[in-house]
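Chemist: Structure provided below as structure tokens; questions to follow.
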Amino acid sequence: MTEMTRIYPIAIVGLWIALARPASADEELTVALNFPQSDATFTEMKKLAQAYEKETPGVSINVVSLPSYENTMKTKMAARDLPDLWSTHGWSVARYSEYLTPLGGEPWASKVNPLIKPVITDNTGKIFVLPLDVDVAGIAFNREILDKAGVDPLAIKTWDDFRAACDKVKKLKKICVHIAGRATDSWTVGNFYDWVAPSFLITNEKANSRAALKAGSFDWKNWRPVAKLLVDFRDAGYLNPDYMQGNWLDVGKKLASGDAAFGFFGNYVIGEAKKYNPKGKYGFIPLPAASTDDTPSVITGERVTLGVWKDTKHKATALKFLLFMSRPDNVNKIATINGNPTGLVGTGYKSDEGDLAPYFREAIRARAFSYFDREYLPSGMWDAMCNTGMGLLANTMTLDQVVAKMKNDYDSLKSR
Amino acid sequence: MRLLYRKANALYVPALVLFAGLVVYPFLDGIRISFTNWNGYSQDYAFIGVQNLKRLVDDDNVRTAFTNTLLYGFGSTLLQQLAGLGCAVLLDKPFRGRTVARTILYLPVLISAVIMAYMWSYLFEYDGALNDIVGLVGGERVLWLSSGALAVPLLIVVNTLQYMGVSMVIYMAGLQSIPGMYYEAAGLDGASRWQLFRHVTVPLLYPAFVTSITVNLIGGLKLFDIIRALTNGGPGYKTHSLSTLIYSSYFESQLAGFASAIGLLLFVTVLCCALAAQAVFRRLEVTLS
């Protein structure tokens, strides 16, 4: 036997051993989430997946956090290579519905919270996700700063009231509104516009642009007062001096340390603040109106949702996993972590809103509107909102250029 | 013999297949996509003719990105040649610590551009080291990357510092290959140091110039990672290159057709710059010879 004829069998056996895998579960499902692994929601989802695996031998649930989630999901959609289940972060209808299984026939579908039902239902009445909680968002605040400044947050009804409150906070040499507008993390600026745009364009029953935005006939000159508000705040000295730095986690830190009064984020920013100062007093208020003939409003939308890929090879198992997730205990856990109402309602469904409970009671009295960009702008406009806002803050764009860019992108994307 | 050539030609086939599959096909498909309104992920899209190409002309951000691309390409290349050649000349003669100095100057090339950019981002922070130095000399803190006028030059500087080591190594090799007898002969004729550099070193470094400029120019024209990590093309589209604008248009604005059109523009830009550079090198070669 030559050297080579001795080596070949050894190499083949070695390769086989190296490639051999331990016996796998009968079925493996992948659940992709848009939350980082350090996020409490991700951790809880992993625990629930492990509980399902114990209950259902032969099924393995792999919960993953995809890097650069939206871009990765877009690539996966183009390649038609999607996870079995994934979270839709507000875009179940407008972006992902083409690839999701309609879920209207599921046993839990009749229990969907009326607050979120319009948001996750398409124009033919189909729903595509199981909502585990409902994002109810207003302006988050640090109560201690407002108390010291003599501001009653619930008395803020208009942007003029908000400015008056900021003037009082400014006298205490505190930051009124913390914007963390690093260019590489510009979504915080887009978020500001998502928060304020409805008050100028949507909420006023006597004068609004709802129909025009949906029909594609919106006059983008009407975007000017929305865009200008952030610049006005900057020029009035309401923003943090390093408004072009930092990321949204800094907002939570500043709320926690008592340096910033307001943050234009959902209640997840309060969850972030509590990590640094669990004893701090926080709350949120509905978004002020742009005029005195209008009333404050709140934003509602998807926060933690799960949909099933329509072409998954494990559809039956995926739907069973959704059924498991829809149990009251499991829905309550996810909703409580985010300080949000549950996505399903009925017997047993209740989240612990903690010290935000009085603010939720106030929020429920206010009118609720969907996230502006998800409801009224074509998918893809978010980037334009973020970057034009950054351009205004940095004085690299004029209001005319902002209006032109928003119109250009809107027309291109709407025409699809 | 003919059979031997035919067999030898067959060895090209795998490389040709790879080239066709990984370069030619994506290029042609990119041209096709530029005539559609595809959003990058849907299975449905429509042919829209030359609308995306027309938008290339009308869009302010494309004009800005195009200008920036040329600035990043030629600006970085110029600074890299000056810095690289300067360092190579200084490190040509042996001295104590020369190896350590070479290593330190070359190290940034080995670091990922993204990591380099993140390190610089801490220096550029409002509370970062640069502003601390500014404060020490009595100045006001600056939002370095938040001004369009400052951000583009700063990106050129960061790119230069990252890759000047490449030029330095190329020029060092070039300097080592120049026979000493030319310097001796010129020295005997009374040439000064500057005259030695201008009339001996520079002409004989011509091949090194061609290599270094070509490598750095291509790298600068397609600059992506440093921009993405430091400014993401902002503030407000001011620092975009064509590469980053392609990424932003495709993934963030979901205008895949328009992104493909920008890709065509980038291809034409790099091709024209490469052809222009070749013409200049050919003329220089004739002049020097």
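So you can find residues: chains in the structure tokens are A, B, ... in the order shown, residues in each start at 1, and ligands are numbered from 1 in order.
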Quick one: residues within 9 Å of Ser243 of chain B, only C-alpha atoms, excluding same-chain residues fewer than 6 positions away - as a PyMOL selection string?
Modeler: chain B and resi 65+69+221-224+262-263+266
Chemist: May I have the selected residues written with N, CA and C atoms, as a PDB file, in the first residue's frame?
Modeler:
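Just written: result-v5.pdb:
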ATOM      1  N   ALA B  65     -22.843  64.222  -4.219  1.00  0.00           N
ATOM      2  CA  ALA B  65     -22.100  62.960  -4.070  1.00  0.00           C
ATOM      3  C   ALA B  65     -21.046  62.817  -5.160  1.00  0.00           C
ATOM      4  N   THR B  69     -17.164  62.524  -4.483  1.00  0.00           N
ATOM      5  CA  THR B  69     -16.420  61.353  -4.958  1.00  0.00           C
ATOM      6  C   THR B  69     -15.096  61.786  -5.578  1.00  0.00           C
ATOM      7  N   LEU B 221     -11.897  56.893  -4.901  1.00  0.00           N
ATOM      8  CA  LEU B 221     -13.119  57.102  -5.673  1.00  0.00           C
ATOM      9  C   LEU B 221     -14.255  56.224  -5.156  1.00  0.00           C
ATOM     10  N   LYS B 222     -13.910  55.045  -4.665  1.00  0.00           N
ATOM     11  CA  LYS B 222     -15.003  54.188  -4.171  1.00  0.00           C
ATOM     12  C   LYS B 222     -15.079  54.173  -2.648  1.00  0.00           C
ATOM     13  N   LEU B 223     -14.635  55.238  -2.026  1.00  0.00           N
ATOM     14  CA  LEU B 223     -14.651  55.330  -0.558  1.00  0.00           C
ATOM     15  C   LEU B 223     -16.045  55.102   0.003  1.00  0.00           C
ATOM     16  N   PHE B 224     -16.139  54.206   0.947  1.00  0.00           N
ATOM     17  CA  PHE B 224     -17.462  53.847   1.498  1.00  0.00           C
ATOM     18  C   PHE B 224     -17.426  53.720   3.016  1.00  0.00           C
ATOM     19  N   ILE B 262     -27.322  55.238 -10.123  1.00  0.00           N
ATOM     20  CA  ILE B 262     -26.144  55.879  -9.511  1.00  0.00           C
ATOM     21  C   ILE B 262     -24.931  54.964  -9.674  1.00  0.00           C
ATOM     22  N   GLY B 263     -25.162  53.660  -9.599  1.00  0.00           N
ATOM     23  CA  GLY B 263     -24.066  52.702  -9.792  1.00  0.00           C
ATOM     24  C   GLY B 263     -23.466  52.820 -11.182  1.00  0.00           C
ATOM     25  N   LEU B 266     -21.292  55.819 -11.204  1.00  0.00           N
ATOM     26  CA  LEU B 266     -20.014  55.546 -10.523  1.00  0.00           C
ATOM     27  C   LEU B 266     -19.073  54.777 -11.450  1.00  0.00           C
TER      28      LEU B 266
END
Chemist: Which polymer residues have any atom within 9 Å of an atom of Val89 of chain B, counting only C-alpha atoms, with same-chain residues fewer than 6 positions away left out, as an mmCIF file with C-alpha atoms, in the first residue's frame?
Modeler:
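part.cif, freshly written:
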data_model
loop_
_atom_site.group_PDB
_atom_site.id
_atom_site.type_symbol
_atom_site.label_atom_id
_atom_site.label_comp_id
_atom_site.auth_asym_id
_atom_site.auth_seq_id
_atom_site.Cartn_x
_atom_site.Cartn_y
_atom_site.Cartn_z
ATOM 1 C CA MET B 168 4.958 54.781 1.775
ATOM 2 C CA TYR B 171 7.816 54.430 -2.583
ATOM 3 C CA MET B 172 10.227 52.770 -0.165
ATOM 4 C CA LEU B 175 13.705 54.188 -3.614
#
Chemist: Would you tabulate, counting only C-alpha atoms, all residues of chain B that have an atom at most 6 Å from an atom of chain A, showing the closest pair of atoms and their distance in Å to one decimal, sorted by chain then ascending number, as JSON lines?
Modeler:
{"residue": "B:Tyr41", "atom": "CA", "partner": "A:Ala78", "partner_atom": "CA", "distance": 4.1}
{"residue": "B:Ser146", "atom": "CA", "partner": "A:Ala394", "partner_atom": "CA", "distance": 5.6}
{"residue": "B:Thr231", "atom": "CA", "partner": "A:Ala183", "partner_atom": "CA", "distance": 5.1}
{"residue": "B:Asn232", "atom": "CA", "partner": "A:Thr184", "partner_atom": "CA", "distance": 5.0}
{"residue": "B:Gly234", "atom": "CA", "partner": "A:Ala183", "partner_atom": "CA", "distance": 5.6}
{"residue": "B:Pro235", "atom": "CA", "partner": "A:Gly391", "partner_atom": "CA", "distance": 5.2}
{"residue": "B:Gly236", "atom": "CA", "partner": "A:Gly391", "partner_atom": "CA", "distance": 3.5}
{"residue": "B:Phe251", "atom": "CA", "partner": "A:Asn71", "partner_atom": "CA", "distance": 5.7}
{"residue": "B:Glu252", "atom": "CA", "partner": "A:Asp383", "partner_atom": "CA", "distance": 5.6}
{"residue": "B:Ser253", "atom": "CA", "partner": "A:Gly380", "partner_atom": "CA", "distance": 4.3}
{"residue": "B:Gln254", "atom": "CA", "partner": "A:Gly380", "partner_atom": "CA", "distance": 5.0}
Chemist: Using the selection just defined, write its residues with N, CA and C atoms as a short mmCIF file (atom, residue, chain, number, x, y, z; two decimals), in the first residue's frame.
Modeler:
data_model
loop_
_atom_site.label_atom_id
_atom_site.label_comp_id
_atom_site.auth_asym_id
_atom_site.auth_seq_id
_atom_site.Cartn_x
_atom_site.Cartn_y
_atom_site.Cartn_z
N TYR B 41 -36.90 44.71 -2.73
CA TYR B 41 -37.28 43.46 -2.05
C TYR B 41 -38.58 42.86 -2.59
N SER B 146 -20.44 67.88 12.02
CA SER B 146 -21.80 68.35 11.80
C SER B 146 -21.85 69.51 10.82
N THR B 231 -20.00 59.49 9.22
CA THR B 231 -21.07 60.46 9.00
C THR B 231 -22.31 59.88 8.34
N ASN B 232 -22.22 58.64 7.83
CA ASN B 232 -23.32 58.02 7.10
C ASN B 232 -23.82 58.91 5.97
N GLY B 234 -24.09 62.05 6.05
CA GLY B 234 -24.65 63.31 6.55
C GLY B 234 -23.56 64.30 6.92
N PRO B 235 -23.89 65.44 7.50
CA PRO B 235 -25.26 65.78 7.86
C PRO B 235 -26.10 66.16 6.64
N GLY B 236 -27.29 65.61 6.55
CA GLY B 236 -28.18 65.96 5.45
C GLY B 236 -27.59 65.72 4.07
N PHE B 251 -30.99 50.66 0.24
CA PHE B 251 -31.49 50.02 1.46
C PHE B 251 -32.38 50.94 2.28
N GLU B 252 -32.03 52.22 2.35
CA GLU B 252 -32.77 53.10 3.27
C GLU B 252 -33.95 53.79 2.58
N SER B 253 -33.72 54.28 1.36
CA SER B 253 -34.83 54.92 0.66
C SER B 253 -35.62 53.94 -0.18
N GLN B 254 -35.14 52.72 -0.28
CA GLN B 254 -35.85 51.68 -1.04
C GLN B 254 -36.08 52.09 -2.49
#
Chemist: Quick check, in Å to one decimal: how far apart do atom CA of Ser241 of chain B and atom CA of Phe66 of chain B lie?
Modeler: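 Distance reported for this atom pair: 6.5 Å.
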Chemist: Which residue gives the smallest distance to Val304 of chain A among A:Arg365, A:Lys320, A:Arg327, A:His89, with only C-alpha atoms counted?
Modeler: A:His89
Chemist: Quick one: distance from atom CA of Asn123 of chain A to atom CA of Thr305 of chain A in Å, one decimal?
Modeler: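 Pair atom CA of Asn123 of chain A / atom CA of Thr305 of chain A returns 19.2 Å.
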Chemist: How would you write, as a ChimeraX atom specification, the set of residues in segment 5-212 of chain B that DSSP gives as helix (DSSP H, G or I)?
Modeler: /B:5-10,13-33,51-58,60-90,98-110,113-124,129-136,144-146,148-176,180-188,193-204,206-212
Chemist: How many Å lie between atom CA of Val202 of chain B and atom CA of Val270 of chain B, rounded to one decimal?
Modeler: 26.5 Å
Chemist: Kindly indicate which residue among A:Asn330, A:Thr336, A:Thr300, A:Asn204 lies nearest to Ile120 of chain A, using only C-alpha atoms for the distances.
Modeler: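 Closest candidate: A:Thr300.
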Chemist: Using DSSP assignments from the backbone, pull out every residue in segment 267-399 of chain A that falls under strand (DSSP E or B) and give it to me as a ChimeraX atom specification.
Modeler: /A:282-285,287,289,297-302,305-309,342,344,367-370
Chemist: What does the file look like for those residues with C-alpha atoms, as a JSON list (two decimals), in the first residue's frame?
Modeler:
[["chain", "number", "residue", "atom", "x", "y", "z"],
["A", 282, "TYR", "CA", -40.99, 59.35, 34.82],
["A", 283, "GLY", "CA", -44.12, 59.70, 32.79],
["A", 284, "PHE", "CA", -45.42, 60.49, 29.35],
["A", 285, "ILE", "CA", -47.96, 62.93, 27.97],
["A", 287, "LEU", "CA", -48.52, 64.95, 21.94],
["A", 289, "ALA", "CA", -51.76, 70.03, 19.27],
["A", 297, "SER", "CA", -53.20, 62.87, 20.72],
["A", 298, "VAL", "CA", -51.15, 59.73, 21.23],
["A", 299, "ILE", "CA", -49.41, 57.47, 18.75],
["A", 300, "THR", "CA", -50.26, 53.81, 18.61],
["A", 301, "GLY", "CA", -48.53, 51.16, 16.62],
["A", 302, "GLU", "CA", -46.75, 47.86, 16.51],
["A", 305, "THR", "CA", -45.22, 41.43, 16.76],
["A", 306, "LEU", "CA", -44.63, 38.09, 15.09],
["A", 307, "GLY", "CA", -45.59, 37.03, 11.58],
["A", 308, "VAL", "CA", -45.15, 33.71, 9.73],
["A", 309, "TRP", "CA", -43.42, 33.48, 6.35],
["A", 342, "THR", "CA", -51.25, 43.93, 25.80],
["A", 344, "LEU", "CA", -54.61, 40.88, 22.84],
["A", 367, "ARG", "CA", -57.34, 60.37, 20.42],
["A", 368, "ALA", "CA", -54.98, 57.75, 18.98],
["A", 369, "PHE", "CA", -53.30, 57.91, 15.59],
["A", 370, "SER", "CA", -50.88, 55.54, 13.89]]
Chemist: So that I can see what lies close to Ala259 of chain B, please list as a ChimeraX atom specification the residues with an atom at most 7 Å from it, counting only C-alpha atoms and leaving out residues fewer than 6 positions away in the same chain.
Modeler: /B:246,249-250
Chemist: Could you write out the selected residues, including C-alpha atoms, as a CSV table (one decimal), in the first residue's frame?
Modeler:
chain,number,residue,atom,x,y,z
B,246,ILE,CA,-26.0,53.9,-3.7
B,249,SER,CA,-30.8,54.9,-1.9
B,250,TYR,CA,-31.1,51.1,-2.2
Chemist: Could you list, as a VMD selection string, every residue within 6 Å of Asp122 of chain A, counting only C-alpha atoms and ignoring same-chain residues fewer than 3 positions away?
Modeler: chain A and resid 93 125 to 126
Chemist: Kindly save the residues from that selection, with N, CA and C atoms included, as a PDB file, in the first residue's frame.
Modeler:
ATOM      1  N   VAL A  93     -48.114  45.473   7.358  1.00  0.00           N
ATOM      2  CA  VAL A  93     -48.989  45.635   6.189  1.00  0.00           C
ATOM      3  C   VAL A  93     -48.224  46.269   5.027  1.00  0.00           C
ATOM      4  N   GLY A 125     -58.998  43.615   4.976  1.00  0.00           N
ATOM      5  CA  GLY A 125     -59.393  43.057   6.272  1.00  0.00           C
ATOM      6  C   GLY A 125     -58.474  41.981   6.806  1.00  0.00           C
ATOM      7  N   LYS A 126     -57.347  41.728   6.121  1.00  0.00           N
ATOM      8  CA  LYS A 126     -56.459  40.648   6.583  1.00  0.00           C
ATOM      9  C   LYS A 126     -55.491  41.194   7.631  1.00  0.00           C
TER      10      LYS A 126
END
Chemist: Could you give me, as a CSV table (one decimal) with N, CA and C atoms, in the first residue's frame, the residues within 6 Å of Gly263 of chain A, counting only C-alpha atoms and dropping anything in the same chain fewer than 4 positions from it?
Modeler:
chain,number,residue,atom,x,y,z
A,139,ILE,N,-44.8,62.0,24.7
A,139,ILE,CA,-43.5,62.6,25.0
A,139,ILE,C,-43.2,62.1,26.4
A,140,ALA,N,-42.0,61.4,26.5
A,140,ALA,CA,-41.6,60.9,27.8
A,140,ALA,C,-40.9,62.1,28.6
A,177,VAL,N,-35.2,69.3,25.7
A,177,VAL,CA,-35.5,68.2,24.8
A,177,VAL,C,-34.1,67.6,24.4
A,178,HIS,N,-33.9,66.4,24.8
A,178,HIS,CA,-32.6,65.8,24.4
A,178,HIS,C,-32.7,65.1,23.1
Chemist: What are the closest atom pairs, with distances in Å to one decimal, for each residue of segment 334-370 of chain A lying within 12 Å of segment 148-161 of chain A, using only C-alpha atoms, rows by chain and rising residue number, as CSV?
Modeler:
residue,atom,partner,partner_atom,distance
A:Pro358,CA,A:Leu154,CA,10.7
A:Tyr359,CA,A:Leu154,CA,8.9
A:Phe360,CA,A:Leu154,CA,11.9
A:Arg361,CA,A:Leu154,CA,11.7
A:Glu362,CA,A:Leu154,CA,8.4
A:Ala363,CA,A:Leu154,CA,10.2
A:Ala366,CA,A:Lys157,CA,10.9
Chemist: So, counting only C-alpha atoms, which residue among A:Val136, A:Val226, A:Leu249, A:Val345 is closest to Phe192 of chain A?
Modeler: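 The answer is A:Val226, which sits nearest to Phe192 of chain A.
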Chemist: Do a neighbour search on Tyr182 of chain B at 10 Å with only C-alpha atoms, toss out local chain neighbours closer than 3 positions, and write the hits as a PyMOL selection string.
Modeler: chain B and resi 178-179+185-188+196+200-201+204
Chemist: Please produce a file of those selected residues containing N, CA and C atoms, as a short mmCIF file (atom, residue, chain, number, x, y, z; two decimals), in the first residue's frame.
Modeler:
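Done, and the output landed in result17.cif:
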data_model
loop_
_atom_site.label_atom_id
_atom_site.label_comp_id
_atom_site.auth_asym_id
_atom_site.auth_seq_id
_atom_site.Cartn_x
_atom_site.Cartn_y
_atom_site.Cartn_z
N ILE B 178 16.54 52.28 -6.80
CA ILE B 178 17.30 53.28 -7.59
C ILE B 178 18.79 53.04 -7.33
N PRO B 179 19.55 52.76 -8.40
CA PRO B 179 20.99 52.50 -8.18
C PRO B 179 21.69 53.72 -7.61
N ALA B 185 26.94 60.10 -9.34
CA ALA B 185 27.31 60.86 -10.54
C ALA B 185 26.78 62.29 -10.44
N ALA B 186 25.55 62.41 -10.03
CA ALA B 186 24.94 63.75 -9.93
C ALA B 186 25.64 64.56 -8.86
N GLY B 187 26.01 63.86 -7.76
CA GLY B 187 26.69 64.54 -6.67
C GLY B 187 28.04 65.08 -7.12
N LEU B 188 28.71 64.28 -7.95
CA LEU B 188 30.01 64.72 -8.49
C LEU B 188 29.85 65.96 -9.36
N LEU B 196 18.92 66.59 -6.71
CA LEU B 196 19.02 65.12 -6.73
C LEU B 196 17.61 64.53 -6.68
N VAL B 200 16.72 63.05 -10.21
CA VAL B 200 17.13 61.64 -10.16
C VAL B 200 16.02 60.80 -9.55
N THR B 201 15.63 61.17 -8.32
CA THR B 201 14.67 60.34 -7.59
C THR B 201 13.31 60.31 -8.28
N LEU B 204 13.03 58.37 -11.64
CA LEU B 204 13.24 56.93 -11.49
C LEU B 204 12.17 56.29 -10.61
#
